[in-house]
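What follows is final-v2.cif (mmCIF, N, CA and C atoms).
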```cif
data_protein
#
loop_
_atom_site.label_atom_id
_atom_site.label_comp_id
_atom_site.auth_asym_id
_atom_site.auth_seq_id
_atom_site.Cartn_x
_atom_site.Cartn_y
_atom_site.Cartn_z
N MET A 1 70.96 41.39 129.11
CA MET A 1 71.54 40.28 128.37
C MET A 1 72.99 40.60 128.03
N GLU A 2 73.87 39.67 128.30
CA GLU A 2 75.30 39.85 128.06
C GLU A 2 75.62 39.55 126.59
N ILE A 3 76.38 40.42 125.98
CA ILE A 3 76.79 40.23 124.60
C ILE A 3 77.96 39.25 124.57
N THR A 4 77.89 38.26 123.70
CA THR A 4 78.93 37.24 123.62
C THR A 4 80.09 37.70 122.74
N ALA A 5 81.22 37.05 122.89
CA ALA A 5 82.38 37.33 122.05
C ALA A 5 82.05 37.04 120.59
N ALA A 6 81.27 36.00 120.35
CA ALA A 6 80.89 35.66 118.97
C ALA A 6 80.06 36.76 118.33
N ALA A 7 79.15 37.35 119.10
CA ALA A 7 78.33 38.44 118.56
C ALA A 7 79.19 39.66 118.25
N LEU A 8 80.13 39.96 119.14
CA LEU A 8 81.03 41.09 118.89
C LEU A 8 81.91 40.82 117.67
N ALA A 9 82.47 39.62 117.59
CA ALA A 9 83.35 39.28 116.47
C ALA A 9 82.59 39.32 115.15
N ALA A 10 81.36 38.82 115.15
CA ALA A 10 80.56 38.84 113.94
C ALA A 10 80.33 40.27 113.46
N GLU A 11 80.08 41.16 114.40
CA GLU A 11 79.89 42.57 114.05
C GLU A 11 81.18 43.17 113.47
N LEU A 12 82.31 42.80 114.04
CA LEU A 12 83.60 43.35 113.60
C LEU A 12 84.00 42.89 112.20
N CYS A 13 83.72 41.64 111.89
CA CYS A 13 84.22 41.10 110.61
C CYS A 13 83.12 40.86 109.57
N GLY A 14 81.88 41.18 109.91
CA GLY A 14 80.80 41.04 108.95
C GLY A 14 80.38 39.60 108.68
N ALA A 15 80.64 38.73 109.64
CA ALA A 15 80.26 37.32 109.49
C ALA A 15 78.95 37.06 110.21
N SER A 16 78.43 35.88 110.01
CA SER A 16 77.24 35.46 110.75
C SER A 16 77.66 35.00 112.14
N GLN A 17 76.89 35.38 113.11
CA GLN A 17 77.17 34.98 114.49
C GLN A 17 77.10 33.46 114.64
N GLU A 18 76.35 32.80 113.78
CA GLU A 18 76.19 31.36 113.84
C GLU A 18 77.27 30.61 113.07
N ASP A 19 78.20 31.31 112.43
CA ASP A 19 79.27 30.67 111.67
C ASP A 19 80.08 29.79 112.62
N PRO A 20 80.17 28.48 112.36
CA PRO A 20 80.88 27.60 113.28
C PRO A 20 82.36 27.94 113.42
N LEU A 21 82.98 28.40 112.35
CA LEU A 21 84.40 28.78 112.43
C LEU A 21 84.58 29.95 113.38
N LEU A 22 83.72 30.94 113.29
CA LEU A 22 83.82 32.11 114.16
C LEU A 22 83.62 31.71 115.63
N ALA A 23 82.70 30.80 115.89
CA ALA A 23 82.45 30.34 117.26
C ALA A 23 83.68 29.65 117.83
N VAL A 24 84.32 28.80 117.04
CA VAL A 24 85.52 28.08 117.49
C VAL A 24 86.67 29.07 117.70
N LEU A 25 86.81 30.03 116.80
CA LEU A 25 87.87 31.03 116.95
C LEU A 25 87.67 31.85 118.23
N CYS A 26 86.44 32.18 118.56
CA CYS A 26 86.15 32.92 119.79
C CYS A 26 86.51 32.10 121.02
N GLU A 27 86.13 30.84 121.03
CA GLU A 27 86.46 29.97 122.16
C GLU A 27 87.97 29.87 122.33
N ALA A 28 88.68 29.69 121.23
CA ALA A 28 90.13 29.57 121.28
C ALA A 28 90.78 30.87 121.75
N ALA A 29 90.27 32.00 121.29
CA ALA A 29 90.82 33.29 121.69
C ALA A 29 90.59 33.54 123.18
N GLU A 30 89.41 33.20 123.67
CA GLU A 30 89.14 33.37 125.10
C GLU A 30 90.07 32.50 125.93
N ALA A 31 90.26 31.26 125.52
CA ALA A 31 91.16 30.36 126.25
C ALA A 31 92.60 30.87 126.21
N ALA A 32 93.01 31.39 125.07
CA ALA A 32 94.37 31.92 124.95
C ALA A 32 94.58 33.11 125.87
N TRP A 33 93.59 34.01 125.93
CA TRP A 33 93.71 35.17 126.82
C TRP A 33 93.71 34.74 128.28
N GLU A 34 92.87 33.78 128.62
CA GLU A 34 92.83 33.31 130.01
C GLU A 34 94.17 32.71 130.42
N SER A 35 94.84 32.03 129.49
CA SER A 35 96.14 31.43 129.81
C SER A 35 97.24 32.48 129.96
N ARG A 36 97.03 33.67 129.42
CA ARG A 36 98.04 34.73 129.51
C ARG A 36 97.81 35.70 130.67
N LEU A 37 96.73 35.51 131.42
CA LEU A 37 96.44 36.42 132.53
C LEU A 37 97.59 36.42 133.53
N ASP A 38 97.87 37.59 134.07
CA ASP A 38 98.90 37.72 135.09
C ASP A 38 98.52 36.89 136.30
N PRO A 39 99.52 36.45 137.09
CA PRO A 39 99.22 35.69 138.31
C PRO A 39 98.29 36.49 139.24
N GLY A 40 97.28 35.82 139.73
CA GLY A 40 96.33 36.46 140.64
C GLY A 40 95.19 37.18 139.96
N VAL A 41 95.24 37.32 138.64
CA VAL A 41 94.17 38.00 137.90
C VAL A 41 93.20 36.93 137.38
N THR A 42 91.92 37.16 137.61
CA THR A 42 90.90 36.23 137.13
C THR A 42 90.18 36.83 135.93
N LYS A 43 89.44 35.97 135.25
CA LYS A 43 88.64 36.41 134.10
C LYS A 43 87.67 37.51 134.52
N GLU A 44 87.10 37.37 135.72
CA GLU A 44 86.14 38.35 136.22
C GLU A 44 86.79 39.70 136.49
N ASP A 45 88.08 39.71 136.86
CA ASP A 45 88.79 40.97 137.11
C ASP A 45 88.89 41.82 135.84
N CYS A 46 88.85 41.18 134.70
CA CYS A 46 89.01 41.89 133.42
C CYS A 46 87.74 42.57 132.95
N GLY A 47 86.62 42.25 133.57
CA GLY A 47 85.35 42.81 133.11
C GLY A 47 85.08 42.39 131.68
N GLY A 48 84.67 43.32 130.86
CA GLY A 48 84.39 43.02 129.46
C GLY A 48 85.61 43.03 128.57
N ALA A 49 86.77 43.43 129.12
CA ALA A 49 87.97 43.53 128.29
C ALA A 49 88.37 42.19 127.69
N LEU A 50 88.29 41.12 128.47
CA LEU A 50 88.69 39.81 127.95
C LEU A 50 87.75 39.38 126.83
N ARG A 51 86.47 39.58 127.01
CA ARG A 51 85.49 39.22 125.98
C ARG A 51 85.74 40.03 124.71
N CYS A 52 85.99 41.32 124.87
CA CYS A 52 86.26 42.18 123.71
C CYS A 52 87.56 41.78 123.01
N ALA A 53 88.59 41.53 123.81
CA ALA A 53 89.88 41.14 123.23
C ALA A 53 89.75 39.82 122.47
N ALA A 54 89.00 38.88 123.03
CA ALA A 54 88.78 37.61 122.35
C ALA A 54 88.03 37.82 121.05
N ALA A 55 87.05 38.71 121.06
CA ALA A 55 86.29 39.01 119.84
C ALA A 55 87.18 39.65 118.79
N PHE A 56 88.03 40.57 119.21
CA PHE A 56 88.94 41.23 118.27
C PHE A 56 89.91 40.21 117.66
N MET A 57 90.46 39.31 118.49
CA MET A 57 91.39 38.31 117.98
C MET A 57 90.68 37.33 117.04
N ALA A 58 89.48 36.89 117.40
CA ALA A 58 88.74 35.97 116.56
C ALA A 58 88.38 36.62 115.23
N ALA A 59 87.97 37.88 115.27
CA ALA A 59 87.64 38.59 114.04
C ALA A 59 88.88 38.74 113.16
N ALA A 60 90.03 39.02 113.78
CA ALA A 60 91.28 39.14 113.03
C ALA A 60 91.63 37.82 112.36
N ASP A 61 91.49 36.72 113.09
CA ASP A 61 91.79 35.40 112.52
C ASP A 61 90.79 35.05 111.42
N TYR A 62 89.54 35.40 111.61
CA TYR A 62 88.51 35.15 110.61
C TYR A 62 88.81 35.94 109.33
N LEU A 63 89.18 37.20 109.49
CA LEU A 63 89.54 38.02 108.33
C LEU A 63 90.80 37.50 107.66
N GLY A 64 91.72 36.96 108.48
CA GLY A 64 92.96 36.43 107.95
C GLY A 64 92.73 35.30 106.97
N LYS A 65 91.69 34.53 107.16
CA LYS A 65 91.40 33.44 106.23
C LYS A 65 90.94 33.96 104.88
N GLN A 66 90.54 35.22 104.83
CA GLN A 66 90.07 35.81 103.58
C GLN A 66 91.21 36.43 102.77
N CYS A 67 92.39 36.58 103.39
CA CYS A 67 93.52 37.19 102.68
C CYS A 67 94.08 36.20 101.67
N ARG A 68 94.10 36.61 100.44
CA ARG A 68 94.64 35.79 99.37
C ARG A 68 95.64 36.63 98.60
N ALA A 69 96.27 36.02 97.65
CA ALA A 69 97.22 36.74 96.81
C ALA A 69 96.50 37.91 96.14
N GLU A 70 97.18 39.04 96.07
CA GLU A 70 96.55 40.22 95.47
C GLU A 70 96.55 40.17 93.96
N SER A 71 97.52 39.45 93.38
CA SER A 71 97.53 39.32 91.93
C SER A 71 98.34 38.09 91.53
N PHE A 72 98.03 37.57 90.38
CA PHE A 72 98.84 36.50 89.82
C PHE A 72 98.75 36.61 88.30
N THR A 73 99.77 36.07 87.63
CA THR A 73 99.85 36.16 86.18
C THR A 73 100.02 34.77 85.59
N VAL A 74 99.26 34.49 84.58
CA VAL A 74 99.40 33.25 83.82
C VAL A 74 99.54 33.66 82.37
N GLY A 75 100.71 33.43 81.82
CA GLY A 75 100.96 33.86 80.44
C GLY A 75 100.88 35.37 80.34
N GLU A 76 99.97 35.86 79.51
CA GLU A 76 99.83 37.29 79.32
C GLU A 76 98.64 37.87 80.10
N VAL A 77 97.99 37.04 80.91
CA VAL A 77 96.82 37.49 81.64
C VAL A 77 97.18 37.68 83.12
N THR A 78 96.85 38.85 83.64
CA THR A 78 97.07 39.14 85.05
C THR A 78 95.73 39.38 85.73
N VAL A 79 95.53 38.71 86.85
CA VAL A 79 94.31 38.89 87.63
C VAL A 79 94.68 39.60 88.91
N ARG A 80 94.00 40.69 89.23
CA ARG A 80 94.27 41.45 90.44
C ARG A 80 93.04 41.43 91.34
N GLN A 81 93.31 41.30 92.62
CA GLN A 81 92.23 41.33 93.61
C GLN A 81 92.44 42.55 94.48
N SER A 82 91.42 43.32 94.66
CA SER A 82 91.55 44.47 95.55
C SER A 82 91.12 44.07 96.94
N GLY A 83 91.65 44.73 97.93
CA GLY A 83 91.21 44.50 99.29
C GLY A 83 92.03 43.52 100.10
N GLY A 84 92.90 42.74 99.47
CA GLY A 84 93.71 41.78 100.21
C GLY A 84 94.59 42.46 101.24
N ARG A 85 95.26 43.50 100.84
CA ARG A 85 96.14 44.21 101.76
C ARG A 85 95.34 44.93 102.84
N SER A 86 94.22 45.55 102.45
CA SER A 86 93.42 46.27 103.45
C SER A 86 92.83 45.31 104.48
N THR A 87 92.48 44.09 104.06
CA THR A 87 91.98 43.09 105.00
C THR A 87 93.07 42.69 105.97
N ALA A 88 94.29 42.50 105.47
CA ALA A 88 95.42 42.14 106.33
C ALA A 88 95.73 43.26 107.32
N VAL A 89 95.65 44.50 106.86
CA VAL A 89 95.89 45.64 107.75
C VAL A 89 94.82 45.72 108.82
N MET A 90 93.57 45.49 108.44
CA MET A 90 92.49 45.52 109.42
C MET A 90 92.66 44.41 110.45
N ALA A 91 93.05 43.22 110.00
CA ALA A 91 93.27 42.10 110.93
C ALA A 91 94.38 42.44 111.92
N GLU A 92 95.46 43.02 111.45
CA GLU A 92 96.56 43.39 112.34
C GLU A 92 96.13 44.48 113.32
N THR A 93 95.34 45.41 112.87
CA THR A 93 94.82 46.47 113.75
C THR A 93 93.94 45.87 114.85
N LEU A 94 93.12 44.90 114.50
CA LEU A 94 92.29 44.23 115.49
C LEU A 94 93.15 43.51 116.54
N ARG A 95 94.21 42.85 116.09
CA ARG A 95 95.11 42.17 117.03
C ARG A 95 95.78 43.17 117.98
N GLN A 96 96.22 44.28 117.44
CA GLN A 96 96.85 45.31 118.28
C GLN A 96 95.87 45.87 119.29
N THR A 97 94.64 46.06 118.89
CA THR A 97 93.61 46.56 119.81
C THR A 97 93.37 45.57 120.93
N ALA A 98 93.32 44.29 120.60
CA ALA A 98 93.13 43.25 121.62
C ALA A 98 94.28 43.28 122.62
N GLU A 99 95.50 43.40 122.13
CA GLU A 99 96.67 43.48 123.02
C GLU A 99 96.57 44.70 123.94
N ARG A 100 96.15 45.81 123.39
CA ARG A 100 96.02 47.05 124.17
C ARG A 100 94.93 46.92 125.24
N LEU A 101 93.83 46.28 124.90
CA LEU A 101 92.75 46.08 125.86
C LEU A 101 93.20 45.23 127.05
N MET A 102 94.03 44.24 126.78
CA MET A 102 94.42 43.30 127.83
C MET A 102 95.74 43.66 128.52
N ARG A 103 96.37 44.72 128.09
CA ARG A 103 97.66 45.12 128.69
C ARG A 103 97.63 45.20 130.21
N PRO A 104 96.57 45.74 130.84
CA PRO A 104 96.57 45.81 132.31
C PRO A 104 96.39 44.45 133.00
N TYR A 105 95.96 43.43 132.26
CA TYR A 105 95.59 42.17 132.89
C TYR A 105 96.46 40.98 132.50
N ALA A 106 97.16 41.07 131.39
CA ALA A 106 97.83 39.88 130.85
C ALA A 106 99.27 40.17 130.45
N ALA A 107 100.01 39.09 130.36
CA ALA A 107 101.39 39.19 129.89
C ALA A 107 101.39 39.57 128.42
N SER A 108 102.40 40.31 128.03
CA SER A 108 102.53 40.72 126.64
C SER A 108 102.74 39.50 125.76
N GLY A 109 102.24 39.56 124.55
CA GLY A 109 102.45 38.49 123.60
C GLY A 109 103.79 38.60 122.89
N GLU A 110 104.55 39.62 123.24
CA GLU A 110 105.85 39.83 122.61
C GLU A 110 106.90 38.99 123.30
N PHE A 111 107.91 38.62 122.55
CA PHE A 111 108.97 37.77 123.07
C PHE A 111 110.11 38.63 123.61
N CYS A 112 110.65 38.22 124.75
CA CYS A 112 111.83 38.90 125.27
C CYS A 112 112.60 37.94 126.16
N PHE A 113 113.92 38.16 126.25
CA PHE A 113 114.76 37.37 127.14
C PHE A 113 114.81 38.06 128.49
N ARG A 114 114.78 37.28 129.55
CA ARG A 114 114.92 37.84 130.89
C ARG A 114 115.91 36.99 131.67
N GLY A 115 116.79 37.64 132.37
CA GLY A 115 117.72 36.92 133.23
C GLY A 115 118.71 36.05 132.50
N VAL A 116 119.07 36.44 131.29
CA VAL A 116 120.04 35.65 130.52
C VAL A 116 121.43 36.11 130.89
N ARG A 117 122.27 35.18 131.30
CA ARG A 117 123.65 35.53 131.65
C ARG A 117 124.53 35.40 130.42
N GLY A 118 125.39 36.39 130.23
CA GLY A 118 126.24 36.43 129.04
C GLY A 118 127.53 35.74 129.15
#
```
Since I need it in another form, could you write the structure as structure tokens?
Amino acid sequence: MEITAAALAAELCGASQEDPLLAVLCEAAEAAWESRLDPGVTKEDCGGALRCAAAFMAAADYLGKQCRAESFTVGEVTVRQSGGRSTAVMAETLRQTAERLMRPYAASGEFCFRGVRG
């Protein structure tokens, strides 16, 4: 039985595999990776890397929705939330891992100028 991107993402971010948001994020991440594949490279050429990268990106986006302000003050009362920064760091780490997994198959997500005449 093949493990789905949604199952992998759920494991990564601690969500339910049946969460509709996670399912949509996985579909969107898979489509985004497929659109970035190098010319001549197919989804099948990537093996499980594309599925894993999509799961990592979906999990990062899912965790990103949980990031809120770490503290706020109203009058003399300050409320602090722990974990906001660590969640953001984890989400960024997941995105970097996805990029690293797909490096052999897809164009970089980084921006650069090419062939610009001065």
- Please evaluate the PyMOL selection byres (((chain A and resi 53 and name CA) around 12) and name CA) against the displayed coordinates and give the resulting residues as a PyMOL selection string. chain A and resi 4-6+8-9+12+26-34+43+46-52+54-60+93-103+105-106
- Message: What's the separation between atom C of Ala23 in chain A and atom N of Arg36 in chain A, in Å to one decimal place?
- Response: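 We find that atom C of Ala23 in chain A and atom N of Arg36 in chain A lie 18.1 Å from each other.
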- Query: Could you pull out the helix (DSSP H, G or I) residues of range 2-111 of chain A from DSSP and send them as a ChimeraX atom specification?
  - Reply: /A:5-13,20-36,44-46,49-64,84-102
- Query: Could you work out how far CA of Glu44 in chain A lies from CA of Ala107 in chain A, giving the answer in Å with one decimal?
  - Reply: 16.5 Å
- Can you tell me how far CA of Gly14 in chain A sits from atom N of Ala91 in chain A, in Å to one decimal?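 Distance reported for this atom pair: 12.5 Å.
The shortest atom-to-atom distance to Glu92 in chain A, with only C-alpha atoms taken into account, belongs to A:Gly64 out of A:Gly40, A:Pro20, A:Pro104, A:Gly64.
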- Have a look at A:Val74, A:Leu63, A:Glu2, A:Leu22 and name the one nearest to Ala88 in chain A; count all atoms listed in the file.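 That would be A:Leu63, the residue with the smallest distance to Ala88 in chain A.
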